[in-house]
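Chemist: target.pdb is the file, holding PDB, C-alpha atoms:
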```
ATOM      1  CA  MET A   1    -169.017 -74.059  98.175
ATOM      2  CA  SER A   2    -168.905 -71.575 101.019
ATOM      3  CA  THR A   3    -170.684 -68.284 100.396
ATOM      4  CA  THR A   4    -169.746 -66.979 103.787
ATOM      5  CA  SER A   5    -166.896 -65.013 104.713
ATOM      6  CA  LYS A   6    -163.606 -65.207 105.621
ATOM      7  CA  THR A   7    -162.962 -61.487 105.535
ATOM      8  CA  PRO A   8    -162.170 -60.534 101.932
ATOM      9  CA  LEU A   9    -159.052 -58.663 100.920
ATOM     10  CA  THR A  10    -160.255 -55.074 100.536
ATOM     11  CA  ALA A  11    -159.014 -51.857  98.984
ATOM     12  CA  LYS A  12    -160.597 -48.454  98.457
ATOM     13  CA  LEU A  13    -159.571 -46.168  95.591
ATOM     14  CA  ASP A  14    -160.579 -42.562  95.007
ATOM     15  CA  LEU A  15    -162.524 -42.053  91.801
ATOM     16  CA  PRO A  16    -162.090 -39.030  89.514
ATOM     17  CA  LEU A  17    -164.313 -35.968  89.848
ATOM     18  CA  THR A  18    -166.313 -37.152  86.838
ATOM     19  CA  ALA A  19    -167.513 -40.250  88.724
ATOM     20  CA  LYS A  20    -171.251 -40.203  89.372
ATOM     21  CA  ARG A  21    -171.362 -42.693  92.260
ATOM     22  CA  ASP A  22    -169.454 -45.092  94.467
ATOM     23  CA  ALA A  23    -168.754 -48.522  92.983
ATOM     24  CA  LEU A  24    -168.076 -52.028  94.269
ATOM     25  CA  LEU A  25    -165.973 -54.515  92.295
ATOM     26  CA  VAL A  26    -165.794 -58.124  93.521
ATOM     27  CA  ILE A  27    -162.716 -60.087  92.414
ATOM     28  CA  LEU A  28    -162.817 -63.890  92.385
ATOM     29  CA  LEU A  29    -159.217 -65.045  92.914
ATOM     30  CA  ASN A  30    -158.471 -68.229  90.980
ATOM     31  CA  ASP A  31    -154.815 -68.644  91.929
ATOM     32  CA  CYS A  32    -151.838 -67.229  93.822
ATOM     33  CA  PRO A  33    -148.858 -65.680  91.979
ATOM     34  CA  LEU A  34    -145.595 -67.606  91.780
ATOM     35  CA  PRO A  35    -143.364 -66.901  94.833
ATOM     36  CA  PRO A  36    -140.952 -64.475  93.097
ATOM     37  CA  VAL A  37    -143.923 -62.497  91.752
ATOM     38  CA  ARG A  38    -145.682 -62.524  95.109
ATOM     39  CA  GLU A  39    -142.545 -61.274  96.867
ATOM     40  CA  GLN A  40    -142.386 -58.208  94.619
ATOM     41  CA  PHE A  41    -146.010 -57.484  93.773
ATOM     42  CA  GLY A  42    -148.198 -59.267  96.336
ATOM     43  CA  SER A  43    -151.335 -61.294  95.681
ATOM     44  CA  TYR A  44    -153.500 -61.056  92.575
ATOM     45  CA  HIS A  45    -155.705 -58.773  94.651
ATOM     46  CA  ASP A  46    -152.731 -56.435  95.074
ATOM     47  CA  ILE A  47    -151.782 -56.690  91.393
ATOM     48  CA  PHE A  48    -155.277 -55.758  90.199
ATOM     49  CA  VAL A  49    -155.556 -52.948  92.738
ATOM     50  CA  SER A  50    -152.261 -51.597  91.385
ATOM     51  CA  LEU A  51    -153.581 -51.808  87.809
ATOM     52  CA  PHE A  52    -156.697 -49.825  88.694
ATOM     53  CA  GLU A  53    -154.704 -47.289  90.708
ATOM     54  CA  HIS A  54    -152.517 -46.609  87.671
ATOM     55  CA  SER A  55    -155.547 -46.498  85.359
ATOM     56  CA  LEU A  56    -157.339 -44.004  87.594
ATOM     57  CA  SER A  57    -154.222 -41.843  87.923
ATOM     58  CA  ALA A  58    -153.786 -41.770  84.156
ATOM     59  CA  SER A  59    -157.429 -40.778  83.634
ATOM     60  CA  THR A  60    -157.665 -38.127  86.362
ATOM     61  CA  PRO A  61    -157.889 -34.602  84.925
ATOM     62  CA  ILE A  62    -155.247 -32.188  86.211
ATOM     63  CA  HIS A  63    -156.682 -29.271  88.165
ATOM     64  CA  SER A  64    -155.722 -25.898  86.831
ATOM     65  CA  SER A  65    -155.076 -24.198  90.180
ATOM     66  CA  ALA A  66    -151.524 -24.423  91.484
ATOM     67  CA  GLY A  67    -150.980 -26.888  94.311
ATOM     68  CA  SER A  68    -154.366 -28.564  93.922
ATOM     69  CA  LYS A  69    -154.496 -32.242  94.787
ATOM     70  CA  LEU A  70    -154.763 -34.742  91.921
ATOM     71  CA  GLY A  71    -157.504 -37.318  92.223
ATOM     72  CA  SER A  72    -159.592 -35.382  94.764
ATOM     73  CA  THR A  73    -163.048 -36.938  94.583
ATOM     74  CA  LYS A  74    -166.357 -37.495  96.322
ATOM     75  CA  HIS A  75    -166.719 -41.114  95.211
ATOM     76  CA  THR A  76    -164.851 -44.338  95.948
ATOM     77  CA  LEU A  77    -164.205 -47.665  94.233
ATOM     78  CA  THR A  78    -164.226 -50.530  96.743
ATOM     79  CA  ILE A  79    -162.513 -53.755  95.659
ATOM     80  CA  GLU A  80    -163.231 -56.961  97.578
ATOM     81  CA  SER A  81    -161.359 -60.163  96.656
ATOM     82  CA  TYR A  82    -162.330 -63.753  97.530
ATOM     83  CA  ASP A  83    -160.275 -66.969  97.211
ATOM     84  CA  VAL A  84    -162.668 -69.217  95.323
ATOM     85  CA  VAL A  85    -160.055 -71.995  95.009
ATOM     86  CA  GLN A  86    -160.578 -72.389  98.774
ATOM     87  CA  GLY A  87    -164.340 -72.185  98.335
ATOM     88  CA  VAL A  88    -164.678 -68.649  99.704
ATOM     89  CA  TYR A  89    -167.334 -66.630  97.845
ATOM     90  CA  PRO A  90    -169.045 -63.289  98.498
ATOM     91  CA  SER A  91    -172.395 -63.277 100.227
ATOM     92  CA  GLU A  92    -175.599 -62.838  98.221
ATOM     93  CA  GLU A  93    -175.991 -59.399  99.812
ATOM     94  CA  THR A  94    -172.567 -58.373  98.483
ATOM     95  CA  ILE A  95    -173.386 -59.560  94.965
ATOM     96  CA  LYS A  96    -176.725 -57.753  95.020
ATOM     97  CA  LYS A  97    -175.013 -54.420  95.696
ATOM     98  CA  ALA A  98    -171.918 -55.023  93.526
ATOM     99  CA  ASN A  99    -171.416 -53.281  90.185
ATOM    100  CA  GLY A 100    -169.168 -55.965  88.767
ATOM    101  CA  VAL A 101    -167.392 -59.275  89.288
ATOM    102  CA  LEU A 102    -163.902 -59.882  87.879
ATOM    103  CA  LEU A 103    -162.369 -63.341  87.478
ATOM    104  CA  THR A 104    -158.577 -63.562  87.512
ATOM    105  CA  GLY A 105    -156.160 -65.773  85.660
ATOM    106  CA  SER A 106    -154.945 -69.128  86.937
ATOM    107  CA  ALA A 107    -152.372 -71.827  86.232
ATOM    108  CA  ALA A 108    -155.335 -74.234  86.171
ATOM    109  CA  SER A 109    -157.174 -75.079  82.963
ATOM    110  CA  ALA A 110    -160.808 -74.033  82.614
ATOM    111  CA  TYR A 111    -161.751 -77.366  81.008
ATOM    112  CA  GLU A 112    -160.619 -79.408  84.028
ATOM    113  CA  SER A 113    -163.026 -81.060  86.467
ATOM    114  CA  ASP A 114    -161.501 -80.080  89.801
ATOM    115  CA  PRO A 115    -164.338 -79.520  92.322
ATOM    116  CA  TRP A 116    -163.517 -75.819  92.746
ATOM    117  CA  ILE A 117    -163.658 -75.295  88.960
ATOM    118  CA  LEU A 118    -167.021 -77.043  88.678
ATOM    119  CA  ASP A 119    -168.301 -74.963  91.610
ATOM    120  CA  LEU A 120    -167.107 -71.787  89.875
ATOM    121  CA  VAL A 121    -168.855 -72.695  86.606
ATOM    122  CA  SER A 122    -172.100 -73.336  88.494
ATOM    123  CA  TYR A 123    -171.704 -70.089  90.443
ATOM    124  CA  LEU A 124    -171.274 -68.053  87.259
ATOM    125  CA  GLN A 125    -174.345 -69.618  85.715
ATOM    126  CA  ASN A 126    -176.455 -68.367  88.634
ATOM    127  CA  LEU A 127    -174.978 -64.894  89.151
ATOM    128  CA  SER A 128    -177.471 -63.014  86.985
ATOM    129  CA  SER A 129    -180.349 -64.376  89.070
ATOM    130  CA  LEU A 130    -178.916 -62.486  92.068
ATOM    131  CA  ASN A 131    -178.139 -59.232  90.246
ATOM    132  CA  SER A 132    -179.388 -58.798  86.694
ATOM    133  CA  SER A 133    -177.406 -55.570  86.173
ATOM    134  CA  LEU A 134    -174.087 -57.042  87.357
ATOM    135  CA  LYS A 135    -171.154 -56.630  84.954
ATOM    136  CA  LEU A 136    -168.914 -59.651  84.467
ATOM    137  CA  ILE A 137    -165.199 -59.349  83.565
ATOM    138  CA  GLY A 138    -162.869 -62.256  82.784
ATOM    139  CA  ILE A 139    -159.078 -62.240  82.457
ATOM    140  CA  CYS A 140    -157.216 -65.200  80.842
ATOM    141  CA  PHE A 141    -158.525 -68.200  82.845
ATOM    142  CA  GLY A 142    -161.430 -65.926  83.749
ATOM    143  CA  HIS A 143    -162.137 -65.419  80.032
ATOM    144  CA  GLN A 144    -162.060 -69.178  79.476
ATOM    145  CA  ILE A 145    -164.195 -70.109  82.487
ATOM    146  CA  ILE A 146    -166.869 -67.591  81.478
ATOM    147  CA  ALA A 147    -166.892 -69.118  77.994
ATOM    148  CA  ARG A 148    -167.364 -72.564  79.549
ATOM    149  CA  ALA A 149    -170.145 -71.340  81.850
ATOM    150  CA  TYR A 150    -171.982 -69.947  78.821
ATOM    151  CA  GLY A 151    -171.709 -73.148  76.805
ATOM    152  CA  ALA A 152    -168.511 -72.835  74.773
ATOM    153  CA  LYS A 153    -165.561 -75.223  74.597
ATOM    154  CA  THR A 154    -162.173 -74.424  76.116
ATOM    155  CA  GLU A 155    -159.061 -76.418  75.256
ATOM    156  CA  LYS A 156    -155.278 -76.506  75.043
ATOM    157  CA  ASN A 157    -154.157 -74.628  71.953
ATOM    158  CA  GLU A 158    -152.432 -76.980  69.498
ATOM    159  CA  LYS A 159    -150.302 -74.014  68.360
ATOM    160  CA  GLY A 160    -148.710 -73.846  71.796
ATOM    161  CA  TRP A 161    -147.888 -71.091  74.250
ATOM    162  CA  GLU A 162    -148.389 -67.390  73.695
ATOM    163  CA  VAL A 163    -146.095 -65.394  76.000
ATOM    164  CA  GLY A 164    -145.099 -61.729  76.096
ATOM    165  CA  THR A 165    -146.731 -58.646  74.638
ATOM    166  CA  ARG A 166    -148.896 -59.158  71.552
ATOM    167  CA  ASN A 167    -150.558 -56.687  69.207
ATOM    168  CA  LEU A 168    -154.171 -57.762  68.824
ATOM    169  CA  GLU A 169    -155.992 -57.677  65.524
ATOM    170  CA  LEU A 170    -159.091 -55.918  66.808
ATOM    171  CA  THR A 171    -162.588 -56.523  65.511
ATOM    172  CA  HIS A 172    -164.776 -53.594  64.483
ATOM    173  CA  THR A 173    -166.670 -53.975  67.769
ATOM    174  CA  ALA A 174    -163.434 -53.802  69.808
ATOM    175  CA  LYS A 175    -162.291 -50.683  67.953
ATOM    176  CA  GLN A 176    -165.564 -49.026  68.917
ATOM    177  CA  LEU A 177    -165.326 -50.095  72.570
ATOM    178  CA  PHE A 178    -161.663 -49.240  73.097
ATOM    179  CA  THR A 179    -161.582 -46.239  70.721
ATOM    180  CA  ARG A 180    -158.297 -47.634  69.390
ATOM    181  CA  VAL A 181    -157.276 -49.378  66.180
ATOM    182  CA  LYS A 182    -154.518 -51.340  67.951
ATOM    183  CA  ILE A 183    -154.110 -52.789  71.449
ATOM    184  CA  SER A 184    -150.996 -54.452  72.911
ATOM    185  CA  VAL A 185    -151.351 -56.651  75.981
ATOM    186  CA  HIS A 186    -149.231 -59.163  77.931
ATOM    187  CA  GLN A 187    -149.922 -62.859  77.357
ATOM    188  CA  MET A 188    -149.216 -66.016  79.376
ATOM    189  CA  HIS A 189    -151.357 -68.893  78.148
ATOM    190  CA  GLN A 190    -151.485 -72.152  76.242
ATOM    191  CA  ASP A 191    -155.249 -72.736  76.657
ATOM    192  CA  HIS A 192    -157.824 -70.840  74.647
ATOM    193  CA  VAL A 193    -161.462 -70.517  73.578
ATOM    194  CA  PRO A 194    -161.730 -71.737  69.963
ATOM    195  CA  THR A 195    -165.390 -70.767  69.394
ATOM    196  CA  LEU A 196    -167.689 -68.123  70.859
ATOM    197  CA  PRO A 197    -170.603 -68.876  73.184
ATOM    198  CA  GLU A 198    -173.993 -67.959  71.775
ATOM    199  CA  GLY A 199    -174.734 -64.235  71.996
ATOM    200  CA  PHE A 200    -171.096 -63.139  72.303
ATOM    201  CA  GLU A 201    -168.911 -61.189  69.864
ATOM    202  CA  SER A 202    -165.157 -61.517  69.427
ATOM    203  CA  LEU A 203    -162.865 -58.644  70.409
ATOM    204  CA  GLY A 204    -159.738 -59.655  68.542
ATOM    205  CA  SER A 205    -157.241 -62.294  67.496
ATOM    206  CA  THR A 206    -153.587 -63.154  66.923
ATOM    207  CA  GLU A 207    -151.978 -65.744  64.652
ATOM    208  CA  ILE A 208    -151.887 -68.208  67.544
ATOM    209  CA  CYS A 209    -155.203 -67.423  69.228
ATOM    210  CA  PRO A 210    -158.382 -66.764  67.190
ATOM    211  CA  ILE A 211    -160.479 -65.360  70.062
ATOM    212  CA  HIS A 212    -158.558 -62.936  72.270
ATOM    213  CA  GLY A 213    -161.549 -61.709  74.194
ATOM    214  CA  MET A 214    -165.290 -61.481  73.832
ATOM    215  CA  VAL A 215    -168.201 -59.277  74.727
ATOM    216  CA  LYS A 216    -171.902 -59.701  75.375
ATOM    217  CA  PHE A 217    -174.117 -56.634  75.298
ATOM    218  CA  VAL A 218    -177.060 -55.816  77.542
ATOM    219  CA  ASP A 219    -178.975 -54.806  74.405
ATOM    220  CA  PRO A 220    -177.589 -56.685  71.377
ATOM    221  CA  GLU A 221    -179.313 -54.215  69.065
ATOM    222  CA  GLY A 222    -178.041 -51.216  71.005
ATOM    223  CA  PRO A 223    -174.860 -49.168  70.635
ATOM    224  CA  LYS A 224    -171.415 -50.788  70.826
ATOM    225  CA  THR A 225    -170.467 -48.832  73.940
ATOM    226  CA  LEU A 226    -168.904 -49.785  77.274
ATOM    227  CA  GLU A 227    -172.102 -48.711  79.041
ATOM    228  CA  ASN A 228    -174.012 -51.354  77.064
ATOM    229  CA  VAL A 229    -171.587 -54.155  77.978
ATOM    230  CA  SER A 230    -172.913 -56.989  80.134
ATOM    231  CA  ILE A 231    -169.867 -59.301  79.962
ATOM    232  CA  ILE A 232    -166.363 -58.546  78.694
ATOM    233  CA  THR A 233    -163.312 -60.821  78.686
ATOM    234  CA  LEU A 234    -159.661 -60.652  77.676
ATOM    235  CA  GLN A 235    -157.359 -63.575  76.958
ATOM    236  CA  GLY A 236    -154.393 -61.351  77.840
ATOM    237  CA  HIS A 237    -153.290 -59.844  81.148
ATOM    238  CA  PRO A 238    -153.684 -56.053  81.443
ATOM    239  CA  GLU A 239    -152.673 -56.405  85.119
ATOM    240  CA  PHE A 240    -149.227 -57.797  84.214
ATOM    241  CA  ASN A 241    -146.086 -55.792  83.590
ATOM    242  CA  ALA A 242    -142.760 -56.801  82.023
ATOM    243  CA  MET A 243    -141.218 -57.672  85.396
ATOM    244  CA  ILE A 244    -144.076 -60.042  86.295
ATOM    245  CA  VAL A 245    -143.957 -61.784  82.914
ATOM    246  CA  ASN A 246    -140.171 -62.128  83.038
ATOM    247  CA  GLU A 247    -140.347 -63.708  86.488
ATOM    248  CA  VAL A 248    -142.872 -66.281  85.220
ATOM    249  CA  ILE A 249    -140.708 -66.981  82.156
ATOM    250  CA  GLU A 250    -137.693 -67.523  84.424
ATOM    251  CA  VAL A 251    -139.522 -70.031  86.627
ATOM    252  CA  ARG A 252    -141.003 -71.935  83.693
ATOM    253  CA  GLU A 253    -137.669 -72.079  81.864
ATOM    254  CA  ARG A 254    -136.005 -73.413  85.013
ATOM    255  CA  LYS A 255    -138.709 -76.100  85.341
ATOM    256  CA  GLY A 256    -138.336 -77.110  81.686
ATOM    257  CA  VAL A 257    -141.785 -75.866  80.651
ATOM    258  CA  PHE A 258    -140.155 -73.354  78.261
ATOM    259  CA  SER A 259    -137.083 -74.096  76.154
ATOM    260  CA  LYS A 260    -134.151 -71.711  76.364
ATOM    261  CA  GLU A 261    -134.892 -70.415  72.854
ATOM    262  CA  PHE A 262    -138.592 -69.866  73.567
ATOM    263  CA  ALA A 263    -137.804 -68.165  76.881
ATOM    264  CA  GLU A 264    -135.332 -65.771  75.253
ATOM    265  CA  ALA A 265    -137.786 -64.820  72.500
ATOM    266  CA  SER A 266    -140.567 -64.390  75.082
ATOM    267  CA  ARG A 267    -138.411 -62.054  77.181
ATOM    268  CA  GLU A 268    -137.935 -59.815  74.159
ATOM    269  CA  ASP A 269    -141.699 -59.769  73.616
ATOM    270  CA  ALA A 270    -142.396 -59.133  77.303
ATOM    271  CA  ASN A 271    -140.263 -55.996  77.268
ATOM    272  CA  GLN A 272    -142.316 -54.332  74.532
ATOM    273  CA  HIS A 273    -144.953 -51.640  75.146
ATOM    274  CA  ASP A 274    -148.301 -52.763  76.548
ATOM    275  CA  ASP A 275    -151.661 -51.006  76.933
ATOM    276  CA  GLY A 276    -152.590 -52.480  80.313
ATOM    277  CA  THR A 277    -153.292 -49.104  81.927
ATOM    278  CA  LEU A 278    -155.655 -48.162  79.102
ATOM    279  CA  LEU A 279    -157.462 -51.495  79.319
ATOM    280  CA  GLY A 280    -157.754 -51.141  83.097
ATOM    281  CA  TRP A 281    -159.574 -47.845  82.599
ATOM    282  CA  LYS A 282    -161.858 -49.358  79.946
ATOM    283  CA  LEU A 283    -162.813 -52.129  82.370
ATOM    284  CA  LEU A 284    -163.653 -49.517  85.007
ATOM    285  CA  GLU A 285    -165.819 -47.715  82.462
ATOM    286  CA  VAL A 286    -167.767 -50.960  82.009
ATOM    287  CA  LEU A 287    -168.700 -50.616  85.693
ATOM    288  CA  GLY A 288    -170.176 -47.194  84.963
ATOM    289  CA  ILE A 289    -167.336 -45.207  86.537
TER     290      ILE A 289
END
```
Rewrite the structure of this file - the entire thing - as C-alpha cells.
Modeler:
Amino acid sequence: MSTTSKTPLTAKLDLPLTAKRDALLVILLNDCPLPPVREQFGSYHDIFVSLFEHSLSASTPIHSSAGSKLGSTKHTLTIESYDVVQGVYPSEETIKKANGVLLTGSAASAYESDPWILDLVSYLQNLSSLNSSLKLIGICFGHQIIARAYGAKTEKNEKGWEVGTRNLELTHTAKQLFTRVKISVHQMHQDHVPTLPEGFESLGSTEICPIHGMVKFVDPEGPKTLENVSIITLQGHPEFNAMIVNEVIEVRERKGVFSKEFAEASREDANQHDDGTLLGWKLLEVLGI
C-alpha cells in the first residue's frame, strides 16, 4: 500500500457564515463510475463534491440586504480524494489534520479478498491510532467495509438487489440524528451487513435490508447528536440522483444483470423523491461544520 502521493483530486467549497473553522474531508475512492455516468457527472470525487455543494447551498441562510452574495464565508471545506484501488492513500500528516474520512461505494464486494480490499480493511483498523478525533463516514461499499473492519460479517443478500429510492424505517437513534421521521435515499446494492459490529447502533431498515446504516458514538452514554458521532454509515447513496441511477440500470439491464421487468420497476423507484441533499448536510455536520 502506498501512502504517498500522487496528487489527490482536490476541491474547495465555501462554508456558511455559521461555520466555526476550516475543515478537511479525505475521500477514499473505491471505484470509478460507469462510462455513461462518468461522461455526465465525472468521477466519484466530482459526484461527492456536487452533493456537498448542493447541501451547503440548501443550508446557507439568505442575507436580508438586497444584492448580498449567498454563501459568503470566512471558512472553507477542502476535499481531497485518493484512489485506494490503485494503492494511493493520504499521508499520515494529512490524516492527522483531517476532520473526516469518507469511503465511497464500489462494484466490488466488501467480503472479497482482493489485495486492495484487504489493504483497505487493515488501513481502517489503524486510522484511529493516527487521529483519535477523526470522523469516519461510509457509503454503500464504504458502509460494508467499515463493518468488516470492525468485526462484522458482510455478504450477498439472499433477497436480491435493492435499486431505486427507498423509504427507510428509521430507528429512534436515526430520528434523533436526522431530526426526521422518514428518510428516502437512492439504492444500488445486492450486498449487505446482516449484523452490527460491537458498539454500533442501527440507523434504519427496509424489507430487503435489515441494517441500512449504522453509527458509533464518541461517548456511548452521551447525547444522540451528530457532534457525538465517531462513525456513521449509510447503505444507500445520498450522492446519487435519478439520472445516475437510471444510467446504471440501463447498463445492467443491457448486460443481463437486471431483467427487463426488474429494470422497469427500478426506474420507477429511481424517479421518486430522495433526501440526498439533506443527508449530505447531516454528514457535514458530523465533521463539526
Chemist: Using all atoms listed in the file, which of the listed residues (A:Ile232, A:Leu118, A:Val185, A:Ile95) sits closest to A:Ser133?
Modeler: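 Among the listed residues, A:Ile95 lies closest to A:Ser133.
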Chemist: Evaluate the PyMOL selection byres ((chain A and resi 106) around 8) against this structure - the residues, as a PyMOL selection string, please.
Modeler: chain A and resi 30-32+104-105+107-109+140-142
Chemist: Looking at all atoms listed in the file, which of A:Pro220, A:Pro90, A:Gly160, A:Pro210 is the one that sits closest to A:Leu130?
Modeler: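 Answer, going by the shortest atom-to-atom distance: A:Pro90.
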Chemist: Give the centre and edge lengths of an axis-aligned box, in Å to one decimal, that holds all listed atoms of stretch 47-57 of chain A with 8 Å on each side, as JSON.
Modeler:
```
{"center_x": -154.6, "center_y": -49.3, "center_z": 89.0, "size_x": 21.6, "size_y": 30.8, "size_z": 23.4}
```
Chemist: Please determine, counting all atoms listed in the file, which residue among A:Glu155, A:Glu39, A:Glu92, A:Glu239 has the shortest atom-to-atom distance to A:Ser128.
Modeler: A:Glu92
Chemist: Using the chain letters and numbers from the file, give me the residues hit by the PyMOL selection byres ((chain A and resi 191) around 8), as a PyMOL selection string.
Modeler: chain A and resi 109+154-157+161+189-190+192-193
Chemist: Anything within 10 Å of (-140.0, -60.5, 74.0): list those residues as an NGL selection string, counting all atoms listed in the file and sticking to the file's coordinates.
Modeler: :A and (163-166 or 242 or 245-246 or 262-272)
Chemist: Generate a file of the selected residues that holds C-alpha atoms, formatted as a PDB file, in the coordinates of the input.
Modeler:
```pdb
ATOM      1  CA  VAL A 163    -146.095 -65.394  76.000  1.00  0.00           C
ATOM      2  CA  GLY A 164    -145.099 -61.729  76.096  1.00  0.00           C
ATOM      3  CA  THR A 165    -146.731 -58.646  74.638  1.00  0.00           C
ATOM      4  CA  ARG A 166    -148.896 -59.158  71.552  1.00  0.00           C
ATOM      5  CA  ALA A 242    -142.760 -56.801  82.023  1.00  0.00           C
ATOM      6  CA  VAL A 245    -143.957 -61.784  82.914  1.00  0.00           C
ATOM      7  CA  ASN A 246    -140.171 -62.128  83.038  1.00  0.00           C
ATOM      8  CA  PHE A 262    -138.592 -69.866  73.567  1.00  0.00           C
ATOM      9  CA  ALA A 263    -137.804 -68.165  76.881  1.00  0.00           C
ATOM     10  CA  GLU A 264    -135.332 -65.771  75.253  1.00  0.00           C
ATOM     11  CA  ALA A 265    -137.786 -64.820  72.500  1.00  0.00           C
ATOM     12  CA  SER A 266    -140.567 -64.390  75.082  1.00  0.00           C
ATOM     13  CA  ARG A 267    -138.411 -62.054  77.181  1.00  0.00           C
ATOM     14  CA  GLU A 268    -137.935 -59.815  74.159  1.00  0.00           C
ATOM     15  CA  ASP A 269    -141.699 -59.769  73.616  1.00  0.00           C
ATOM     16  CA  ALA A 270    -142.396 -59.133  77.303  1.00  0.00           C
ATOM     17  CA  ASN A 271    -140.263 -55.996  77.268  1.00  0.00           C
ATOM     18  CA  GLN A 272    -142.316 -54.332  74.532  1.00  0.00           C
TER      19      GLN A 272
END
```
Chemist: Which of these residues is nearest to A:Val85, using only C-alpha atoms: A:Leu134, A:Gly288, A:Val37, A:Leu28?
Modeler: A:Leu28
Chemist: Would you compute the distance between atom CA of A:Ile117 and atom CA of A:Glu201? Give it in Å to one decimal.
Modeler: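 Answer for the atom CA of A:Ile117 to atom CA of A:Glu201 separation: 24.3 Å.
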Chemist: From the options A:Ile79, A:Ile145, A:Val84, A:Leu279, which residue's atoms come nearest to A:Lys182, counting all atoms listed in the file?
Modeler: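 With all atoms listed in the file as the atom set, the closest residue is A:Leu279.
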Chemist: To one decimal in Å, tell me the separation between atom CA of A:Lys260 and atom CA of A:Asn167.
Modeler: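 Here the two named atoms are 23.4 Å from each other.
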Chemist: Within 8 Å of (-159.8, -45.7, 89.1) (coordinates as in the file), grab all the protein and nucleic acid residues, counting all atoms listed in the file, and write them out as a PyMOL selection string.
Modeler: chain A and resi 13-16+52-57+59+77+281+284+289
Chemist: Kindly save the residues from that selection, with C-alpha atoms included, as a PDB file, keeping the file's coordinate frame.
Modeler:
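Produced file again-v4.pdb, reproduced below:
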```pdb
ATOM      1  CA  LEU A  13    -159.571 -46.168  95.591  1.00  0.00           C
ATOM      2  CA  ASP A  14    -160.579 -42.562  95.007  1.00  0.00           C
ATOM      3  CA  LEU A  15    -162.524 -42.053  91.801  1.00  0.00           C
ATOM      4  CA  PRO A  16    -162.090 -39.030  89.514  1.00  0.00           C
ATOM      5  CA  PHE A  52    -156.697 -49.825  88.694  1.00  0.00           C
ATOM      6  CA  GLU A  53    -154.704 -47.289  90.708  1.00  0.00           C
ATOM      7  CA  HIS A  54    -152.517 -46.609  87.671  1.00  0.00           C
ATOM      8  CA  SER A  55    -155.547 -46.498  85.359  1.00  0.00           C
ATOM      9  CA  LEU A  56    -157.339 -44.004  87.594  1.00  0.00           C
ATOM     10  CA  SER A  57    -154.222 -41.843  87.923  1.00  0.00           C
ATOM     11  CA  SER A  59    -157.429 -40.778  83.634  1.00  0.00           C
ATOM     12  CA  LEU A  77    -164.205 -47.665  94.233  1.00  0.00           C
ATOM     13  CA  TRP A 281    -159.574 -47.845  82.599  1.00  0.00           C
ATOM     14  CA  LEU A 284    -163.653 -49.517  85.007  1.00  0.00           C
ATOM     15  CA  ILE A 289    -167.336 -45.207  86.537  1.00  0.00           C
TER      16      ILE A 289
END
```
Chemist: For the file shown, what are the residues hit by the PyMOL selection byres ((chain A and resi 198) around 9), laid out as an MDAnalysis selection string?
Modeler: chainID A and resid 150:152 196:197 199:201
Chemist: Atom CA of A:Ala174 and atom CA of A:Leu24 are how many Å apart?
Modeler: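 Distance reported for this atom pair: 25.0 Å.
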Chemist: Would you please work out which residue, of A:Arg38, A:Lys74, A:Lys282, A:Arg180, is nearest to A:Leu17 when using all atoms listed in the file?
Modeler: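 Looking only at the distances to A:Leu17, the closest residue turns out to be A:Lys74.
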